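**Q** I am sharing structure-v3.cif, which consists of mmCIF, C-alpha atoms:
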```
data_my_file
#
loop_
_atom_site.group_PDB
_atom_site.id
_atom_site.type_symbol
_atom_site.label_atom_id
_atom_site.label_comp_id
_atom_site.auth_asym_id
_atom_site.auth_seq_id
_atom_site.Cartn_x
_atom_site.Cartn_y
_atom_site.Cartn_z
ATOM 1 C CA MET A 623 7.874 12.261 38.730
ATOM 2 C CA ARG A 624 7.029 13.018 35.092
ATOM 3 C CA ARG A 625 7.938 16.300 33.467
ATOM 4 C CA ALA A 626 5.311 18.250 31.544
ATOM 5 C CA GLY A 627 4.721 16.687 28.149
ATOM 6 C CA GLU A 628 6.519 13.441 29.053
ATOM 7 C CA ARG A 629 4.454 10.355 28.266
ATOM 8 C CA ARG A 630 4.397 7.224 30.304
ATOM 9 C CA ASP A 631 3.388 4.121 28.367
ATOM 10 C CA ASN A 632 2.231 1.589 30.937
ATOM 11 C CA GLY A 633 -0.043 -0.409 28.636
ATOM 12 C CA GLY A 634 -3.134 0.181 30.766
ATOM 13 C CA ARG A 635 -1.793 -1.753 33.739
ATOM 14 C CA GLU A 636 -2.265 1.176 36.149
ATOM 15 C CA LEU A 637 -5.912 1.575 35.081
ATOM 16 C CA THR A 638 -6.506 -2.147 35.491
ATOM 17 C CA ALA A 639 -4.974 -2.082 38.988
ATOM 18 C CA LEU A 640 -7.002 0.990 39.961
ATOM 19 C CA CYS A 641 -10.265 -0.604 38.842
ATOM 20 C CA ALA A 642 -9.442 -3.888 40.589
ATOM 21 C CA SER A 643 -8.723 -2.137 43.886
ATOM 22 C CA ALA A 644 -11.496 0.474 43.766
ATOM 23 C CA GLY A 645 -14.316 -1.737 44.987
ATOM 24 C CA GLU A 646 -17.962 -1.090 44.168
ATOM 25 C CA ARG A 647 -18.143 2.380 45.739
ATOM 26 C CA GLY A 648 -14.952 3.507 44.035
ATOM 27 C CA LEU A 649 -16.177 2.264 40.667
ATOM 28 C CA SER A 650 -19.482 4.151 41.015
ATOM 29 C CA GLN A 651 -17.552 7.322 41.840
ATOM 30 C CA LEU A 652 -15.314 6.759 38.828
ATOM 31 C CA ALA A 653 -18.347 6.196 36.560
ATOM 32 C CA LEU A 654 -19.943 9.427 37.844
ATOM 33 C CA PHE A 655 -16.750 11.324 37.105
ATOM 34 C CA LEU A 656 -16.445 9.815 33.613
ATOM 35 C CA GLU A 657 -20.079 10.684 32.766
ATOM 36 C CA HIS A 658 -19.288 14.366 33.364
ATOM 37 C CA LEU A 659 -16.089 14.569 31.333
ATOM 38 C CA PRO A 660 -16.304 16.942 28.371
ATOM 39 C CA GLY A 661 -14.873 14.155 26.175
ATOM 40 C CA VAL A 662 -15.727 10.500 25.645
ATOM 41 C CA VAL A 663 -14.411 7.342 27.329
ATOM 42 C CA TRP A 664 -15.232 3.883 25.980
ATOM 43 C CA THR A 665 -14.168 0.272 26.271
ATOM 44 C CA ILE A 666 -13.851 -2.387 23.578
ATOM 45 C CA ASP A 667 -13.753 -6.157 24.171
ATOM 46 C CA ARG A 668 -11.532 -8.776 22.473
ATOM 47 C CA GLU A 669 -14.093 -9.120 19.655
ATOM 48 C CA SER A 670 -13.769 -5.361 18.962
ATOM 49 C CA ARG A 671 -17.282 -4.601 20.274
ATOM 50 C CA VAL A 672 -17.993 -1.450 22.267
ATOM 51 C CA THR A 673 -18.905 -2.489 25.818
ATOM 52 C CA GLN A 674 -19.240 0.973 27.413
ATOM 53 C CA ALA A 675 -19.345 4.575 26.239
ATOM 54 C CA MET A 676 -19.727 7.629 28.455
ATOM 55 C CA GLY A 677 -18.989 11.307 28.726
ATOM 56 C CA ARG A 678 -20.525 14.582 27.603
ATOM 57 C CA GLY A 679 -18.567 14.420 24.359
ATOM 58 C CA LEU A 680 -21.077 11.848 23.089
ATOM 59 C CA ALA A 681 -23.825 14.471 22.849
ATOM 60 C CA ALA A 682 -21.380 17.001 21.362
ATOM 61 C CA ALA A 683 -20.662 14.491 18.587
ATOM 62 C CA GLY A 684 -24.373 13.804 18.057
ATOM 63 C CA LEU A 685 -24.148 10.309 19.568
ATOM 64 C CA ASP A 686 -25.461 8.424 22.571
ATOM 65 C CA ALA A 687 -24.124 5.276 24.202
ATOM 66 C CA GLY A 688 -27.005 3.191 22.807
ATOM 67 C CA GLN A 689 -25.775 3.845 19.256
ATOM 68 C CA LEU A 690 -22.326 2.455 20.108
ATOM 69 C CA VAL A 691 -22.597 -0.292 22.738
ATOM 70 C CA GLY A 692 -22.708 -3.765 21.206
ATOM 71 C CA ARG A 693 -21.395 -2.678 17.798
ATOM 72 C CA ARG A 694 -18.013 -3.604 16.359
ATOM 73 C CA ILE A 695 -15.548 -0.735 16.087
ATOM 74 C CA ASP A 696 -15.531 -1.020 12.278
ATOM 75 C CA GLU A 697 -19.355 -0.698 12.198
ATOM 76 C CA LEU A 698 -19.460 2.656 13.982
ATOM 77 C CA PRO A 699 -20.614 5.792 12.180
ATOM 78 C CA GLU A 700 -17.658 7.625 10.658
ATOM 79 C CA ALA A 701 -15.189 4.866 11.677
ATOM 80 C CA SER A 702 -11.831 5.544 10.053
ATOM 81 C CA PRO A 703 -9.040 3.092 9.176
ATOM 82 C CA ALA A 704 -6.843 4.819 11.814
ATOM 83 C CA MET A 705 -9.513 4.240 14.453
ATOM 84 C CA VAL A 706 -9.907 0.562 13.616
ATOM 85 C CA GLU A 707 -6.123 -0.010 13.485
ATOM 86 C CA ALA A 708 -5.573 1.719 16.851
ATOM 87 C CA HIS A 709 -8.065 -0.564 18.588
ATOM 88 C CA LEU A 710 -6.725 -3.674 16.874
ATOM 89 C CA ALA A 711 -3.185 -2.723 17.917
ATOM 90 C CA ALA A 712 -4.350 -2.478 21.539
ATOM 91 C CA VAL A 713 -6.494 -5.639 21.567
ATOM 92 C CA VAL A 714 -4.254 -7.902 19.491
ATOM 93 C CA ARG A 715 -0.721 -6.624 20.116
ATOM 94 C CA GLY A 716 -1.085 -4.786 23.450
ATOM 95 C CA GLU A 717 0.110 -1.501 21.943
ATOM 96 C CA SER A 718 -0.973 2.004 22.937
ATOM 97 C CA SER A 719 -1.679 4.548 20.228
ATOM 98 C CA ASP A 720 -3.064 7.983 19.401
ATOM 99 C CA TYR A 721 -5.178 9.174 16.476
ATOM 100 C CA GLU A 722 -7.660 11.867 15.478
ATOM 101 C CA VAL A 723 -11.266 11.190 14.522
ATOM 102 C CA ARG A 724 -14.023 13.459 13.226
ATOM 103 C CA TYR A 725 -17.520 12.874 14.614
ATOM 104 C CA GLY A 726 -20.442 15.234 14.209
ATOM 105 C CA GLY A 727 -18.215 17.903 12.713
ATOM 106 C CA ARG A 728 -15.868 17.876 15.717
ATOM 107 C CA VAL A 729 -12.305 16.578 15.819
ATOM 108 C CA PHE A 730 -11.311 14.422 18.794
ATOM 109 C CA GLU A 731 -7.741 13.560 19.754
ATOM 110 C CA VAL A 732 -7.927 9.986 21.005
ATOM 111 C CA ARG A 733 -5.668 7.803 23.174
ATOM 112 C CA ILE A 734 -6.110 4.011 23.150
ATOM 113 C CA GLU A 735 -4.634 1.662 25.772
ATOM 114 C CA PRO A 736 -4.925 -2.119 26.083
ATOM 115 C CA VAL A 737 -6.690 -3.430 29.204
ATOM 116 C CA PHE A 738 -5.224 -6.479 30.911
ATOM 117 C CA GLY A 739 -7.029 -9.085 33.015
ATOM 118 C CA GLY A 740 -5.751 -10.442 36.325
ATOM 119 C CA ASP A 741 -3.771 -13.130 34.497
ATOM 120 C CA GLY A 742 -1.974 -10.531 32.332
ATOM 121 C CA ALA A 743 -3.891 -11.436 29.157
ATOM 122 C CA ILE A 744 -5.351 -8.633 27.053
ATOM 123 C CA VAL A 745 -9.111 -8.436 27.638
ATOM 124 C CA GLY A 746 -9.872 -5.358 25.519
ATOM 125 C CA SER A 747 -9.016 -1.709 25.162
ATOM 126 C CA ILE A 748 -10.024 1.624 26.617
ATOM 127 C CA GLY A 749 -10.153 4.854 24.680
ATOM 128 C CA ALA A 750 -10.509 8.493 25.645
ATOM 129 C CA GLY A 751 -10.906 11.514 23.473
#
```
Just dump the structure as C-alpha cells.
**A**
Amino acid sequence: MRRAGERRDNGGRELTALCASAGERGLSQLALFLEHLPGVVWTIDRESRVTQAMGRGLAAAGLDAGQLVGRRIDELPEASPAMVEAHLAAVVRGESSDYEVRYGGRVFEVRIEPVFGGDGAIVGSIGAG
C-alpha cells in the first residue's frame, strides 16, 4: 500500500493492462468517466500526434478535441519546450514526467506516462492534467 504523497512509477503498464482487460463495455464506461473529469486526458502516438483528447478541462482552456486530434504535439497552440520534451521522453525513452503548461490563461499540472503494447514496445503516451 502506498503512503500519501508516495509516487509509484510503473511506466503506464497498469493502465495498459486495465485497458486490455476492460472489454468494450469497460472501455465505454472509462471514456464516459474521462469525459466528465474537470481536467484533460489525451493520448499521443509514436509520431507525436494527438490521437484522443477528452475532459471538461478542454473547454476551460478554450479548446475542443477537434483542435488537437491529428496534430503533432509541437504544433499545438501554446506548446512549450517542456511539453514537447515530456512527450518525447515518454514515446522515445519510456520515461514518465511532470510539467506545467498554461492554456487559455489557466495553469495545468500535467503527468505523462508511456503506453506499452502487448509486446512491451512503446506505442505512445498518455497525459493528464
**Q** List, as an mmCIF file with C-alpha atoms, in the coordinates of the input, every residue that the PyMOL selection byres ((chain A and resi 718) around 10) selects in the file provided.
**A**
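In the end it all went to result_21.cif:
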```cif
data_model
loop_
_atom_site.group_PDB
_atom_site.id
_atom_site.type_symbol
_atom_site.label_atom_id
_atom_site.label_comp_id
_atom_site.auth_asym_id
_atom_site.auth_seq_id
_atom_site.Cartn_x
_atom_site.Cartn_y
_atom_site.Cartn_z
ATOM 1 C CA ASP A 631 3.388 4.121 28.367
ATOM 2 C CA ASN A 632 2.231 1.589 30.937
ATOM 3 C CA GLY A 633 -0.043 -0.409 28.636
ATOM 4 C CA GLY A 634 -3.134 0.181 30.766
ATOM 5 C CA ALA A 708 -5.573 1.719 16.851
ATOM 6 C CA HIS A 709 -8.065 -0.564 18.588
ATOM 7 C CA ALA A 711 -3.185 -2.723 17.917
ATOM 8 C CA ALA A 712 -4.350 -2.478 21.539
ATOM 9 C CA VAL A 713 -6.494 -5.639 21.567
ATOM 10 C CA ARG A 715 -0.721 -6.624 20.116
ATOM 11 C CA GLY A 716 -1.085 -4.786 23.450
ATOM 12 C CA GLU A 717 0.110 -1.501 21.943
ATOM 13 C CA SER A 719 -1.679 4.548 20.228
ATOM 14 C CA ASP A 720 -3.064 7.983 19.401
ATOM 15 C CA ARG A 733 -5.668 7.803 23.174
ATOM 16 C CA ILE A 734 -6.110 4.011 23.150
ATOM 17 C CA GLU A 735 -4.634 1.662 25.772
ATOM 18 C CA PRO A 736 -4.925 -2.119 26.083
ATOM 19 C CA SER A 747 -9.016 -1.709 25.162
ATOM 20 C CA ILE A 748 -10.024 1.624 26.617
ATOM 21 C CA GLY A 749 -10.153 4.854 24.680
#
```
**Q** Hey, what's within 10 Å of Ala675 in chain A if we count only C-alpha atoms and toss same-chain stuff fewer than 3 positions away? As a list in words, please?
**A**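 Listing them by chain and then by number gives Leu656, Glu657, Val662, Val663, Trp664, Thr665, Ile666, Val672, Leu680, Asp686, Ala687, Gly688, Gln689, Leu690, Val691, Ile748, Gly749 and Ala750 of chain A.
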**Q** Would you put the residues from that selection into a file with C-alpha atoms, as a short mmCIF file (atom, residue, chain, number, x, y, z; two decimals), in the frame of the given file?
**A**
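Final output, saved to result.cif:
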```
data_model
loop_
_atom_site.label_atom_id
_atom_site.label_comp_id
_atom_site.auth_asym_id
_atom_site.auth_seq_id
_atom_site.Cartn_x
_atom_site.Cartn_y
_atom_site.Cartn_z
CA LEU A 656 -16.44 9.82 33.61
CA GLU A 657 -20.08 10.68 32.77
CA VAL A 662 -15.73 10.50 25.64
CA VAL A 663 -14.41 7.34 27.33
CA TRP A 664 -15.23 3.88 25.98
CA THR A 665 -14.17 0.27 26.27
CA ILE A 666 -13.85 -2.39 23.58
CA VAL A 672 -17.99 -1.45 22.27
CA LEU A 680 -21.08 11.85 23.09
CA ASP A 686 -25.46 8.42 22.57
CA ALA A 687 -24.12 5.28 24.20
CA GLY A 688 -27.00 3.19 22.81
CA GLN A 689 -25.78 3.84 19.26
CA LEU A 690 -22.33 2.46 20.11
CA VAL A 691 -22.60 -0.29 22.74
CA ILE A 748 -10.02 1.62 26.62
CA GLY A 749 -10.15 4.85 24.68
CA ALA A 750 -10.51 8.49 25.64
#
```
**Q** Would you kindly return, as a ChimeraX atom specification, each protein, DNA or RNA residue with an atom no farther than 9 Å from any atom of range 724-732 of chain A, considering only C-alpha atoms and excluding same-chain residues fewer than 2 positions away?
**A** /A:661,682-685,699-702,705,719-722,734,749-751
**Q** If I take CA of Glu697 in chain A and CA of Leu654 in chain A, how far is one from the other in Å, to one decimal?
**A**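 Taking CA of Glu697 in chain A and CA of Leu654 in chain A, their separation equals 27.6 Å.
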**Q** How far is it from CA of Ser670 in chain A to CA of Val706 in chain A, in Å with one decimal?
**A** 8.9 Å
**Q** Around all the atoms of range 730-744 of chain A listed in the file, with 8 Å of room on each side, what axis-aligned box do you get, giving centre and edge lengths in Å to one decimal, as AutoDock Vina command-line options?
**A**
```
--center_x -6.6 --center_y 0.6 --center_z 27.6 --size_x 25.3 --size_y 43.6 --size_z 33.5
```
**Q** I need the residue nearest Val745 in chain A from this list: A:Ala704, A:Leu698, A:Met676, A:Arg668. Use all atoms listed in the file for the distance.
**A**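 Among the listed residues, the smallest separation from Val745 in chain A belongs to A:Arg668.
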**Q** As an exercise, work out the distance from CA of Arg678 in chain A to CA of Arg694 in chain A in Å and give it to one decimal place.
**A**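 Atom-to-atom, CA of Arg678 in chain A and CA of Arg694 in chain A are spaced 21.5 Å apart.
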**Q** I need the residue nearest Asp696 in chain A from this list: A:Gln674, A:Gly739, A:Leu652, A:Leu710. Use all atoms listed in the file for the distance.
**A**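 Counting all atoms listed in the file, the residue closest to Asp696 in chain A is A:Leu710.
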